[in-house]
Amino acid sequence: MIYSRNISIEDREALEIFYRKAYPQRKDIKKYLDSTLFSLPLSQIKDSLIICDDDKIIGVNLCISTKAMINNEEYDIVWSYDTLVLPDYRTTDAGTFIAEFWYKRKDIFGAGLSEISEKMSKVMKSKFIAYATAYIKFNLTSRYLINLIRPIFPLQSVYEKEFPLTLSVQDTKFQKINSPEDFVVPESGYWNNGIIEFKRDIDFIAWRFFQSDSRYTVYQEIGGNVYFACRIIEWHNIPLLYIVDYRFDLAQIEVFNDIIDGALILMKKLNCAGLYIRCSLEPLREICEKRHFLGKGQGAQIVTRFKPATKGDYPVFFTAADSDMDFK
């Protein structure tokens with residue numbers, strides 16, 4: 001019998017089996033689940049929907065609860081992480097359970113939607129509120145890029161290289177943060193007013209970037225609260241430095257150039273083949289384009305039915321760290 005229920009901590013093993021069926025090519029399923037869903041308290045994942053056939057998981061709509069500031073007022077919201085049904089069950093009631101879930105929940109946000117999520121968003125009349133455009137700037141001196149044309153250099157893995165303790169950019173100096181306790185955030189957890197911004201507090205920073213086996217490195221402005229978090233990814237078998245998250249006061253838009261400059265210095269020190277970043281704000285896209293980053297299409301859609309977010313045309317400060325986009 002097919003039925004739906006909320007997630008429980010005891011679902012860890014069954015979820016891992018489900019994900020291995022859904023994504024047979026992925027090698028990091030256990031780490032993905034451990035570092036996202038099951039590293040959070042149940043109170044933040046309890047709204048996730050599990051669809052079962054007897055004792056087998058055959059579909060999910062995973063959600064993580066958080067907060068957002070929308071035009072200067074804070075709200076509880078939910079990020080939809082994965083909406084999946086195994087292929088053999090897509091003509092069953094599994095899709096109906098997911099549709100009912102989306103219909104009842106008015107506070108869901110989604111980004112980089114799967115095929116089933118995109119269909120559900122259209123049916124539920126979710127509103128598009130922003131694009132998260134991906135940009136790449138290549139390091140033309142990288143031995144990885146040169147070797148694609150003519151393999152003449154022995155390559156040291158970028159994973160073996162040390163991230164520097166500091167990065168100096170004109171009048172700004174960034175330092176590597178080794179512990180969430182050393183991280184500085186505004187008391188409210190927000191850097192800006194009059195826009196849609198998703199909360200960053202110490203708990204979020206610790207969960208997202210400072211777990212014991214974390215692959216992230218975080219740099220923060222010395223004496224300030226500007227920061228960026230990054231990791232190394234492989235794109236077409238070449239290493240890129242990925243700026244996964246960043247925050248600053250948009251009234252000082254030039255600070256984004258400091259983040260880019262710091263990341264470019266880091267990219268070269270690590271001999272990465274390029275720098276990768278996503279931007280949802282038009283002024284940031286303009287900076288990337290002026291600096292000759294290559295844009296990858298229009299970008300991933302960010303959608304919601306949450307009325308406080310859809311009743312006004314608010315700029316949206318989104319990064320890959322807000323949704324599950326960083327993990328895909």
# chains A, B, ... in the order shown; residues from 1 in each chain; ligands from 1
call {"tool": "closest_atom_pairs", "arguments": {"of": "segment 1-57 of chain A", "to": "segment 210-226 of chain A", "cutoff": "12 Å", "atoms": "only C-alpha atoms", "output": "tab-separated table"}}
result
residue	atom	partner	partner_atom	distance
A:Lys31	CA	A:Asp213	CA	9.2
A:Tyr32	CA	A:Ser214	CA	11.3
A:Asp34	CA	A:Gln211	CA	10.2
A:Ser35	CA	A:Gln211	CA	7.5
A:Thr36	CA	A:Gln211	CA	10.2
A:Ser39	CA	A:Gln211	CA	8.8
A:Leu40	CA	A:Gln211	CA	11.3
call {"tool": "residues_around", "arguments": {"residues": "Val185 of chain A", "least_positions_apart": "6", "cutoff": "10 Å", "atoms": "only C-alpha atoms", "output": "VMD selection string"}}
result
chain A and resid 191 200 to 202 205 224 to 227 247
call {"tool": "residues_around", "arguments": {"residues": "Ile108 of chain A", "least_positions_apart": "2", "cutoff": "12 Å", "atoms": "only C-alpha atoms", "output": "ChimeraX atom specification"}}
result
/A:47-48,61-68,75-81,101-106,110-111,117,120-121,124,126-127,302-310,323
call {"tool": "closest_residue", "arguments": {"among": "A:Phe97, A:Phe228, A:Phe198, A:Tyr276", "to": "Asn71 of chain A", "atoms": "only C-alpha atoms"}}
result
A:Phe198
call {"tool": "residues_around", "arguments": {"residues": "Asn193 of chain A", "least_positions_apart": "5", "cutoff": "10 Å", "atoms": "only C-alpha atoms", "output": "ChimeraX atom specification"}}
result
/A:69-73,249-251
call {"tool": "write_last_selection", "arguments": {"atoms": "C-alpha atoms", "output": "short mmCIF file (atom, residue, chain, number, x, y, z; two decimals), in the first residue's frame"}}
result
data_model
loop_
_atom_site.label_atom_id
_atom_site.label_comp_id
_atom_site.auth_asym_id
_atom_site.auth_seq_id
_atom_site.Cartn_x
_atom_site.Cartn_y
_atom_site.Cartn_z
CA MET A 69 13.72 38.80 6.04
CA ILE A 70 11.21 40.08 3.51
CA ASN A 71 10.96 43.84 3.17
CA ASN A 72 12.21 44.36 6.77
CA GLU A 73 9.97 41.74 8.40
CA ASP A 249 25.87 45.38 2.82
CA LEU A 250 24.48 46.21 -0.63
CA ALA A 251 24.79 49.91 0.17
#
call {"tool": "select_by_dssp", "arguments": {"residues": "segment 2-210 of chain A", "states": "strand (DSSP E or B)", "output": "ChimeraX atom specification"}}
result
/A:2-6,49-53,56-70,73-85,108-111,127-138,166-169,172-177,196-198
call {"tool": "select_by_dssp", "arguments": {"residues": "segment 251-286 of chain A", "states": "helix (DSSP H, G or I)", "output": "PyMOL selection string"}}
result
chain A and resi 251-252+255-269+282-286
call {"tool": "write_last_selection", "arguments": {"atoms": "C-alpha atoms", "output": "PDB file, in the first residue's frame"}}
result
ATOM      1  CA  ALA A 251      24.791  49.912   0.167  1.00  0.00           C
ATOM      2  CA  GLN A 252      28.525  49.289  -0.345  1.00  0.00           C
ATOM      3  CA  VAL A 255      32.636  45.324  -1.645  1.00  0.00           C
ATOM      4  CA  PHE A 256      31.506  42.640  -4.085  1.00  0.00           C
ATOM      5  CA  ASN A 257      34.578  43.488  -6.151  1.00  0.00           C
ATOM      6  CA  ASP A 258      36.717  42.814  -3.068  1.00  0.00           C
ATOM      7  CA  ILE A 259      35.088  39.380  -2.700  1.00  0.00           C
ATOM      8  CA  ILE A 260      35.735  38.627  -6.368  1.00  0.00           C
ATOM      9  CA  ASP A 261      39.333  39.885  -6.139  1.00  0.00           C
ATOM     10  CA  GLY A 262      40.011  37.825  -3.020  1.00  0.00           C
ATOM     11  CA  ALA A 263      38.564  34.708  -4.642  1.00  0.00           C
ATOM     12  CA  LEU A 264      40.598  35.282  -7.825  1.00  0.00           C
ATOM     13  CA  ILE A 265      43.794  35.531  -5.760  1.00  0.00           C
ATOM     14  CA  LEU A 266      42.827  32.281  -4.039  1.00  0.00           C
ATOM     15  CA  MET A 267      41.994  30.630  -7.371  1.00  0.00           C
ATOM     16  CA  LYS A 268      45.489  31.374  -8.668  1.00  0.00           C
ATOM     17  CA  LYS A 269      47.243  30.308  -5.462  1.00  0.00           C
ATOM     18  CA  GLU A 282      21.171  42.554 -11.012  1.00  0.00           C
ATOM     19  CA  PRO A 283      24.011  44.840  -9.753  1.00  0.00           C
ATOM     20  CA  LEU A 284      26.111  41.748  -8.991  1.00  0.00           C
ATOM     21  CA  ARG A 285      25.411  40.266 -12.413  1.00  0.00           C
ATOM     22  CA  GLU A 286      26.503  43.549 -13.974  1.00  0.00           C
TER      23      GLU A 286
END
call {"tool": "atom_distance", "arguments": {"atom1": "atom CA of Tyr246 of chain A", "atom2": "atom CA of Ser168 of chain A"}}
result
17.1 Å
call {"tool": "atom_distance", "arguments": {"atom1": "atom CA of Ala321 of chain A", "atom2": "atom CA of Val244 of chain A"}}
result
5.8 Å
call {"tool": "residues_around", "arguments": {"residues": "Gly297 of chain A", "least_positions_apart": "5", "cutoff": "12 Å", "atoms": "only C-alpha atoms", "output": "list in words"}}
result
Tyr131, Ala132, Thr133, Ala134, Tyr135, Ile136 and Arg278 of chain A
call {"tool": "write_last_selection", "arguments": {"atoms": "C-alpha atoms", "output": "compact mmCIF listing (two decimals), in the first residue's frame"}}
result
# COMPACT_ATOMS: atom_id res chain seq x y z
CA TYR A 131 17.09 33.97 -11.32
CA ALA A 132 20.37 32.70 -9.87
CA THR A 133 22.73 33.09 -12.82
CA ALA A 134 25.94 31.04 -12.87
CA TYR A 135 29.19 32.73 -13.94
CA ILE A 136 32.66 31.35 -14.67
CA ARG A 278 25.98 32.41 -8.74
call {"tool": "atom_distance", "arguments": {"atom1": "atom CA of Leu294 of chain A", "atom2": "atom CA of Leu275 of chain A"}}
result
10.3 Å
